[in-house]
file model-v2.cif (mmCIF, C-alpha atoms)
data_data
#
loop_
_atom_site.label_atom_id
_atom_site.label_comp_id
_atom_site.auth_asym_id
_atom_site.auth_seq_id
_atom_site.Cartn_x
_atom_site.Cartn_y
_atom_site.Cartn_z
CA MET K 174 84.99 92.59 98.84
CA ASP K 175 82.92 93.64 101.86
CA LEU K 176 82.89 97.45 101.70
CA LYS K 177 80.98 97.82 104.95
CA GLN K 178 83.49 95.71 106.83
CA ILE K 179 86.46 97.73 105.58
CA PHE K 180 85.01 101.24 105.35
CA LYS K 181 82.09 101.01 107.84
CA THR K 182 79.71 101.94 105.02
CA PRO K 183 78.50 100.21 101.84
CA ASN K 184 79.13 103.41 99.84
CA PRO K 185 82.61 104.69 100.67
CA ILE K 186 84.17 107.97 99.65
CA ILE K 187 87.93 107.51 99.23
CA GLY K 188 89.98 110.71 99.19
CA VAL K 189 93.40 110.83 97.52
CA VAL K 190 96.66 112.10 99.00
CA HIS K 191 98.86 113.14 96.07
CA LEU K 192 102.43 112.94 97.30
CA GLN K 193 104.89 115.66 96.39
CA PRO K 194 107.79 114.47 94.18
CA LEU K 195 109.66 111.58 95.79
CA PRO K 196 113.37 110.67 95.68
CA THR K 197 114.70 109.90 92.16
CA SER K 198 111.69 111.54 90.45
CA VAL K 199 112.40 114.32 87.96
CA ARG K 200 111.07 117.08 90.26
CA TRP K 201 112.41 115.70 93.54
CA GLY K 202 113.35 118.65 95.73
CA GLY K 203 115.48 116.86 98.30
CA ASN K 204 113.19 117.34 101.32
CA LEU K 205 111.33 114.19 102.32
CA LYS K 206 110.31 115.73 105.63
CA ALA K 207 108.31 118.41 103.78
CA THR K 208 106.67 115.73 101.60
CA ILE K 209 105.61 113.77 104.68
CA GLY K 210 104.32 116.94 106.35
CA ARG K 211 102.17 117.82 103.32
CA ALA K 212 100.78 114.27 103.24
CA GLU K 213 99.86 114.46 106.92
CA GLN K 214 98.08 117.77 106.40
CA GLU K 215 96.07 116.39 103.48
CA ALA K 216 95.14 113.18 105.29
CA THR K 217 93.95 115.22 108.26
CA ALA K 218 91.88 117.46 105.99
CA LEU K 219 90.29 114.45 104.31
CA ALA K 220 89.49 112.77 107.60
CA SER K 221 88.04 115.92 109.17
CA GLY K 222 85.91 116.47 106.05
CA GLY K 223 84.24 113.10 106.44
CA VAL K 224 85.70 110.70 103.85
CA ASN K 225 85.63 106.97 104.60
CA GLY K 226 89.08 106.05 103.32
CA ILE K 227 92.32 107.45 101.90
CA ILE K 228 94.55 106.30 99.07
CA VAL K 229 98.16 107.48 98.76
CA GLU K 230 99.64 108.05 95.28
CA ASN K 231 103.03 109.20 93.99
CA PHE K 232 101.10 111.49 91.66
CA PHE K 233 103.72 114.22 91.29
CA ASP K 234 106.46 111.77 90.26
CA ALA K 235 105.44 112.22 86.60
CA PRO K 236 106.73 111.32 84.10
CA PHE K 237 106.18 107.82 85.45
CA ALA K 238 107.99 104.56 84.92
CA LYS K 239 105.53 102.20 83.29
CA ASP K 240 106.17 99.27 85.64
CA GLU K 241 108.75 99.05 88.45
CA VAL K 242 109.60 102.21 90.38
CA ASP K 243 112.94 102.89 92.03
CA PRO K 244 113.43 101.31 95.49
CA ALA K 245 113.76 104.82 96.95
CA VAL K 246 110.14 105.51 95.93
CA VAL K 247 109.00 102.34 97.65
CA SER K 248 110.91 103.28 100.80
CA ALA K 249 109.53 106.82 100.85
CA MET K 250 105.96 105.71 100.26
CA THR K 251 106.25 103.10 103.00
CA LEU K 252 107.33 105.82 105.45
CA VAL K 253 104.44 108.05 104.42
CA VAL K 254 101.81 105.32 104.61
CA GLN K 255 103.03 104.23 108.04
CA ARG K 256 102.84 107.81 109.31
CA LEU K 257 99.30 108.20 108.00
CA MET K 258 98.24 104.86 109.49
CA ASN K 259 99.32 106.23 112.87
CA LEU K 260 97.68 109.61 112.27
CA VAL K 261 94.14 108.74 111.13
CA THR K 262 91.83 105.83 111.87
CA LEU K 263 90.54 105.51 108.30
CA PRO K 264 91.38 102.60 105.98
CA ILE K 265 94.44 103.42 103.88
CA GLY K 266 95.25 102.31 100.33
CA VAL K 267 98.26 102.60 98.02
CA ASN K 268 98.67 103.31 94.29
CA VAL K 269 102.20 103.20 92.89
CA LEU K 270 102.05 104.92 89.51
CA ARG K 271 102.13 104.13 86.75
CA ASN K 272 101.50 100.43 87.24
CA ASP K 273 103.72 98.96 89.95
CA GLY K 274 101.16 96.74 91.63
CA LYS K 275 103.83 94.56 93.19
CA SER K 276 105.42 97.48 95.04
CA ALA K 277 101.98 98.71 96.10
CA MET K 278 101.16 95.25 97.45
CA ALA K 279 104.47 95.12 99.33
CA ILE K 280 103.93 98.56 100.91
CA ALA K 281 100.34 97.79 101.86
CA SER K 282 101.17 94.37 103.29
CA CYS K 283 104.10 95.62 105.39
CA THR K 284 102.19 98.64 106.77
CA GLN K 285 98.91 96.73 107.20
CA ALA K 286 97.14 99.04 104.79
CA HIS K 287 93.85 97.77 103.43
CA PHE K 288 93.83 98.01 99.63
CA ILE K 289 95.76 98.96 96.51
CA ARG K 290 94.79 100.45 93.16
CA VAL K 291 96.21 98.90 90.00
CA ASN K 292 95.79 100.85 86.76
CA VAL K 293 96.27 97.90 84.39
CA LEU K 294 95.62 94.55 86.04
CA ASN K 295 94.92 92.65 82.82
CA GLY K 296 94.96 93.28 79.10
CA VAL K 297 97.22 95.71 77.24
CA MET K 298 96.87 99.50 77.29
CA ALA K 299 98.67 102.05 75.15
CA CYS K 300 99.57 104.91 77.50
CA ASP K 301 101.95 107.85 77.53
CA GLN K 302 104.49 105.47 79.12
CA GLY K 303 104.19 103.07 76.17
CA LEU K 304 102.48 99.69 76.14
CA ILE K 305 101.51 98.47 79.60
CA GLU K 306 100.64 94.81 80.04
CA GLY K 307 98.59 93.59 82.97
CA GLN K 308 100.31 91.11 85.29
CA ALA K 309 97.40 89.75 87.30
CA HIS K 310 98.93 86.30 87.60
CA GLN K 311 102.14 87.66 89.15
CA LEU K 312 100.40 90.08 91.50
CA LEU K 313 97.91 87.58 92.91
CA ARG K 314 100.62 84.98 93.41
CA TYR K 315 102.74 87.59 95.18
CA ARG K 316 99.82 88.42 97.48
CA ARG K 317 99.52 84.76 98.36
CA GLU K 318 103.28 84.50 99.02
CA LEU K 319 103.04 87.46 101.40
CA GLY K 320 100.12 85.86 103.23
CA SER K 321 98.28 89.13 102.66
CA ASP K 322 94.59 89.97 102.43
CA VAL K 323 95.13 93.39 100.82
CA LYS K 324 92.29 94.05 98.39
CA ILE K 325 92.91 94.90 94.74
CA LEU K 326 90.89 97.74 93.17
CA ALA K 327 91.53 97.55 89.43
CA ASP K 328 90.89 100.16 86.77
CA VAL K 329 88.94 99.03 83.72
CA LEU K 330 90.09 100.72 80.48
CA VAL K 331 92.12 103.13 82.59
CA LYS K 332 92.26 106.89 81.99
CA HIS K 333 95.14 108.32 79.97
CA GLY K 334 95.23 105.09 77.96
CA ARG K 335 93.67 103.23 75.07
CA PRO K 336 93.22 99.46 74.82
CA LEU K 337 94.80 97.40 72.11
CA GLY K 338 91.87 95.91 70.24
CA SER K 339 88.28 96.94 70.81
CA PRO K 340 86.90 95.38 73.99
CA ASN K 341 83.53 96.73 75.06
CA LEU K 342 83.07 97.92 78.61
CA THR K 343 80.91 94.99 79.68
CA THR K 344 83.48 92.44 78.52
CA ALA K 345 86.36 94.40 80.06
CA VAL K 346 84.64 94.56 83.45
CA GLN K 347 83.75 90.87 83.40
CA GLU K 348 87.27 89.79 82.47
CA THR K 349 88.85 92.03 85.12
CA ILE K 350 86.67 90.36 87.76
CA GLU K 351 86.34 86.79 86.50
CA ARG K 352 89.76 86.21 84.93
CA ALA K 353 92.02 88.72 86.73
CA LEU K 354 90.19 88.26 90.07
CA ALA K 355 89.96 91.94 91.02
CA ASP K 356 88.21 92.58 94.34
CA ALA K 357 86.60 95.76 92.96
CA VAL K 358 86.70 97.71 89.70
CA ILE K 359 87.18 101.39 88.92
CA ILE K 360 85.57 103.28 86.04
CA SER K 361 87.04 106.63 85.00
CA GLY K 362 86.72 109.24 82.30
CA TRP K 363 89.37 109.69 79.62
CA ALA K 364 91.73 111.72 81.85
CA THR K 365 92.32 113.06 85.35
CA GLY K 366 89.40 115.33 86.23
CA SER K 367 87.16 113.85 83.53
CA PRO K 368 84.10 111.97 84.83
CA PRO K 369 82.75 108.74 83.36
CA SER K 370 79.27 108.86 81.89
CA LEU K 371 76.28 107.68 83.89
CA GLU K 372 75.58 105.17 81.12
CA ASP K 373 79.06 103.65 81.43
CA LEU K 374 78.71 103.40 85.20
CA GLU K 375 75.37 101.63 84.86
CA LEU K 376 76.82 99.21 82.29
CA ALA K 377 79.81 98.49 84.52
CA THR K 378 77.66 97.85 87.58
CA ALA K 379 75.44 95.47 85.64
CA ALA K 380 78.48 93.62 84.32
CA ALA K 381 80.12 93.48 87.76
CA ALA K 382 77.16 91.50 89.12
CA GLY K 383 77.72 92.39 92.76
CA THR K 384 81.45 93.13 92.75
CA PRO K 385 81.94 96.74 93.95
CA VAL K 386 82.26 99.46 91.32
CA PHE K 387 83.99 102.80 92.03
CA ILE K 388 84.09 106.09 90.16
CA GLY K 389 87.78 106.80 89.54
CA SER K 390 87.94 110.35 88.19
CA GLY K 391 86.05 113.57 87.62
CA ALA K 392 83.60 113.41 90.54
CA ASN K 393 82.66 116.76 92.05
CA TRP K 394 79.92 118.11 94.30
CA GLU K 395 77.75 118.96 91.28
CA ASN K 396 77.77 115.60 89.47
CA ILE K 397 78.19 113.15 92.34
CA PRO K 398 74.49 113.14 93.41
CA SER K 399 73.66 111.68 90.00
CA LEU K 400 76.72 109.47 89.43
CA ILE K 401 76.70 107.83 92.86
CA SER K 402 73.27 106.36 92.11
CA ALA K 403 74.88 103.93 89.64
CA VAL K 404 77.86 102.68 91.68
CA ASP K 405 79.04 101.58 95.11
CA GLY K 406 81.69 104.19 95.88
CA VAL K 407 83.93 106.96 94.62
CA ILE K 408 87.62 107.87 94.58
CA VAL K 409 88.00 111.64 94.50
CA SER K 410 90.84 114.14 94.44
CA SER K 411 90.94 117.13 92.08
CA SER K 412 87.63 118.64 93.12
CA LEU K 413 88.68 118.53 96.79
CA LYS K 414 91.75 120.70 96.20
CA ARG K 415 91.83 124.40 96.98
CA HIS K 416 90.14 126.25 94.07
CA GLY K 417 89.78 122.83 92.40
CA ARG K 418 93.38 122.99 91.16
CA ILE K 419 95.33 119.74 91.19
CA GLU K 420 98.58 121.25 92.47
CA GLN K 421 96.89 122.83 95.50
CA PRO K 422 96.43 121.13 98.90
CA ILE K 423 93.19 119.51 100.06
CA ASP K 424 90.54 121.99 101.23
CA PRO K 425 88.53 120.52 104.16
CA ILE K 426 85.55 122.74 103.33
CA ARG K 427 85.40 121.33 99.80
CA VAL K 428 85.69 117.83 101.28
CA SER K 429 82.68 118.48 103.53
CA GLN K 430 80.69 119.86 100.58
CA PHE K 431 81.47 116.79 98.51
CA VAL K 432 80.55 114.40 101.33
CA GLU K 433 77.23 116.17 101.85
CA ALA K 434 76.46 116.10 98.12
CA THR K 435 77.21 112.38 98.04
CA ARG K 436 74.88 111.81 100.98
CA ARG K 437 72.10 113.63 99.16
CA GLY K 438 72.60 111.43 96.12
CA LEU K 439 72.57 108.24 98.18
CA ASN K 440 69.51 109.39 100.09
CA ALA K 441 67.66 110.01 96.83
CA LYS K 442 68.79 106.59 95.56
CA ILE K 443 67.44 104.83 98.64
CA GLN K 444 64.20 106.79 98.57
CA GLN K 445 63.69 105.92 94.91
CA ARG K 446 64.19 102.24 95.66
CA THR K 447 62.00 102.11 98.76
CA GLY K 448 59.41 104.76 97.87
CA GLU K 449 60.03 106.50 101.21
CA TRP K 450 59.95 110.07 99.90
CA GLY K 451 60.25 112.92 102.36
CA VAL K 452 62.96 111.39 104.60
CA GLU K 453 65.40 114.12 105.52
CA THR K 454 69.15 113.63 105.72
CA GLY K 455 70.23 113.68 109.36
CA ASN K 456 66.86 112.40 110.69
CA SER K 457 67.33 109.53 113.13
CA GLN K 458 65.19 107.37 110.85
CA SER K 459 67.12 108.30 107.74
CA PRO K 460 68.77 105.33 106.00
CA ILE K 461 71.76 107.55 105.24
CA ALA K 462 72.21 108.50 108.89
CA ASN K 463 72.27 104.82 109.73
CA SER K 464 74.67 103.94 106.92
CA GLN K 465 77.50 105.97 108.53
CA ILE K 466 78.85 107.16 105.19
#
call {"tool": "encode", "arguments": {"input": "model-v2.cif", "output": "structure tokens"}}
result
Amino acid sequence: MDLKQIFKTPNPIIGVVHLQPLPTSVRWGGNLKATIGRAEQEATALASGGVNGIIVENFFDAPFAKDEVDPAVVSAMTLVVQRLMNLVTLPIGVNVLRNDGKSAMAIASCTQAHFIRVNVLNGVMACDQGLIEGQAHQLLRYRRELGSDVKILADVLVKHGRPLGSPNLTTAVQETIERALADAVIISGWATGSPPSLEDLELATAAAAGTPVFIGSGANWENIPSLISAVDGVIVSSSLKRHGRIEQPIDPIRVSQFVEATRRGLNAKIQQRTGEWGVETGNSQSPIANSQI
């Protein structure tokens, strides 16, 4: 997966648009127009704050179906993604929770979105929805049938879940890439808002052997300068919300603060590797300025 080709940077920040409850969900309020309007506001805030990509999730549809969502959810998400594709110029991705990779692939392919996130691509995870089995073989065959080049970002030992058996992180990353053919992998903490450890990120990157690795939860402006040094990119949501509260809308000021903190971390990473200490972010000779993060 060529991150620079898709995101115009080798170290993308992907902001999340959490959709308000959609039709047939438990908390559906009957107003799809308001849901679309909120999504447009959040996408605009993310874009103006400087992220490199956006992923759309039916986050507030909890409690989730463990596999296939209702067709009304697919229809609503398709409408939203198409609106956002016309609103911002950033690459757009789709995550249909809890684990409907096939619907996500269909939405992304039909709207010409760029990537999807799949929580359980392979293996078996015990989650609050029950046992979820990865269906990599079905999803990749479906992508081929669609004639699609949508990239698959796959969680490894996904948050809010526990694996059956005791696979170590290195083995889990390698199997997700080598046997399930993920285009990139995502490493998260144990739950939404919980960051992975730096050690786990370093292990995952070593195991990935060049396949992109993303942070999938818990990144904020305080920890990202350290965490970003071990990975290729980050997917971020909770810390970008007003007051850092998940139910609040995206705050463009918090987005800008996070982007700047990430730049500082990447600048320090590059300086450490090259020995070019003293380069200031924003200088025309700065490697970060040239990376267009």
call {"tool": "closest_residue", "arguments": {"input": "model-v2.cif", "among": "K:Lys442, K:Arg437, K:Lys206, K:Arg271", "to": "Val253 of chain K", "atoms": "all atoms listed in the file"}}
result
K:Lys206
call {"tool": "closest_residue", "arguments": {"input": "model-v2.cif", "among": "K:Leu176, K:Leu252, K:Leu192, K:Ala364", "to": "Lys332 of chain K", "atoms": "only C-alpha atoms"}}
result
K:Ala364
call {"tool": "residues_around", "arguments": {"input": "model-v2.cif", "residues": "Cys300 of chain K", "least_positions_apart": "5", "cutoff": "9 Å", "atoms": "all atoms listed in the file", "output": "count of residues only"}}
result
7
call {"tool": "resolve_selection", "arguments": {"input": "model-v2.cif", "expression": "the PyMOL selection byres ((chain K and resi 316-329) around 8)", "output": "MDAnalysis selection string"}}
result
chainID K and resid 174 278 281:282 286:294 312:315 330:331 342 345:346 349 355:361 389
call {"tool": "closest_residue", "arguments": {"input": "model-v2.cif", "among": "K:Ile209, K:Ser367, K:Ser412, K:Gly438", "to": "Pro425 of chain K", "atoms": "all atoms listed in the file"}}
result
K:Ser412
call {"tool": "resolve_selection", "arguments": {"input": "model-v2.cif", "expression": "the PyMOL selection byres ((chain K and resi 199) around 12)", "output": "VMD selection string"}}
result
chain K and resid 193 to 198 200 to 203 233 to 238
call {"tool": "closest_residue", "arguments": {"input": "model-v2.cif", "among": "K:Ala380, K:Met250, K:Ile423, K:Leu371", "to": "Gly222 of chain K", "atoms": "only C-alpha atoms"}}
result
K:Ile423
call {"tool": "residues_around", "arguments": {"input": "model-v2.cif", "residues": "Val267 of chain K", "least_positions_apart": "3", "cutoff": "6 Å", "atoms": "only C-alpha atoms", "output": "mmCIF file with C-alpha atoms, in the frame of the given file"}}
result
data_model
loop_
_atom_site.group_PDB
_atom_site.id
_atom_site.type_symbol
_atom_site.label_atom_id
_atom_site.label_comp_id
_atom_site.auth_asym_id
_atom_site.auth_seq_id
_atom_site.Cartn_x
_atom_site.Cartn_y
_atom_site.Cartn_z
ATOM 1 C CA ILE K 228 94.550 106.300 99.070
ATOM 2 C CA VAL K 229 98.160 107.480 98.760
ATOM 3 C CA ALA K 277 101.980 98.710 96.100
ATOM 4 C CA ILE K 289 95.760 98.960 96.510
#
call {"tool": "resolve_selection", "arguments": {"input": "model-v2.cif", "expression": "the PyMOL selection byres ((chain K and resi 187) around 7)", "output": "PDB file with C-alpha atoms, in the coordinates of the input"}}
result
ATOM      1  CA  PRO K 185      82.610 104.690 100.670  1.00  0.00           C
ATOM      2  CA  ILE K 186      84.170 107.970  99.650  1.00  0.00           C
ATOM      3  CA  GLY K 188      89.980 110.710  99.190  1.00  0.00           C
ATOM      4  CA  VAL K 189      93.400 110.830  97.520  1.00  0.00           C
ATOM      5  CA  VAL K 224      85.700 110.700 103.850  1.00  0.00           C
ATOM      6  CA  ASN K 225      85.630 106.970 104.600  1.00  0.00           C
ATOM      7  CA  GLY K 226      89.080 106.050 103.320  1.00  0.00           C
ATOM      8  CA  ILE K 227      92.320 107.450 101.900  1.00  0.00           C
ATOM      9  CA  ILE K 228      94.550 106.300  99.070  1.00  0.00           C
ATOM     10  CA  VAL K 407      83.930 106.960  94.620  1.00  0.00           C
ATOM     11  CA  ILE K 408      87.620 107.870  94.580  1.00  0.00           C
ATOM     12  CA  VAL K 409      88.000 111.640  94.500  1.00  0.00           C
TER      13      VAL K 409
END
call {"tool": "atom_distance", "arguments": {"input": "model-v2.cif", "atom1": "atom CA of Pro422 of chain K", "atom2": "atom CA of Lys177 of chain K"}}
result
28.6 Å
call {"tool": "atom_distance", "arguments": {"input": "model-v2.cif", "atom1": "atom CA of Ile388 of chain K", "atom2": "atom CA of Ser370 of chain K"}}
result
10.0 Å
call {"tool": "closest_residue", "arguments": {"input": "model-v2.cif", "among": "K:Arg211, K:Asp273, K:Asn440, K:Ala309", "to": "Pro398 of chain K", "atoms": "all atoms listed in the file"}}
result
K:Asn440
call {"tool": "decode", "arguments": {"input": "model-v2.cif", "residues": "segment 317-329 of chain K", "atoms": "N, CA and C atoms", "output": "compact mmCIF listing (two decimals), in the first residue's frame"}}
result
# COMPACT_ATOMS: atom_id res chain seq x y z
N ARG K 317 -12.29 -8.59 -5.75
CA ARG K 317 -11.92 -8.95 -7.12
C ARG K 317 -13.15 -8.96 -8.03
N GLU K 318 -14.27 -9.47 -7.55
CA GLU K 318 -15.50 -9.50 -8.34
C GLU K 318 -15.96 -8.09 -8.71
N LEU K 319 -15.76 -7.15 -7.78
CA LEU K 319 -16.16 -5.77 -8.03
C LEU K 319 -15.19 -5.03 -8.95
N GLY K 320 -14.03 -5.64 -9.20
CA GLY K 320 -13.00 -4.96 -9.98
C GLY K 320 -12.47 -3.74 -9.27
N SER K 321 -12.40 -3.84 -7.94
CA SER K 321 -12.07 -2.69 -7.09
C SER K 321 -10.62 -2.75 -6.64
N ASP K 322 -10.06 -1.56 -6.37
CA ASP K 322 -8.73 -1.46 -5.80
C ASP K 322 -8.77 -0.81 -4.41
N VAL K 323 -9.93 -0.87 -3.76
CA VAL K 323 -10.07 -0.33 -2.41
C VAL K 323 -9.14 -1.07 -1.47
N LYS K 324 -8.37 -0.32 -0.69
CA LYS K 324 -7.40 -0.93 0.21
C LYS K 324 -8.06 -1.37 1.52
N ILE K 325 -7.51 -2.44 2.10
CA ILE K 325 -8.05 -3.00 3.33
C ILE K 325 -7.09 -2.74 4.48
N LEU K 326 -7.53 -1.91 5.44
CA LEU K 326 -6.79 -1.68 6.69
C LEU K 326 -7.41 -2.58 7.74
N ALA K 327 -6.63 -3.51 8.27
CA ALA K 327 -7.17 -4.54 9.16
C ALA K 327 -6.64 -4.38 10.57
N ASP K 328 -7.55 -4.41 11.54
CA ASP K 328 -7.13 -4.43 12.94
C ASP K 328 -6.46 -5.75 13.27
N VAL K 329 -5.46 -5.69 14.13
CA VAL K 329 -4.81 -6.88 14.67
C VAL K 329 -5.14 -6.95 16.16
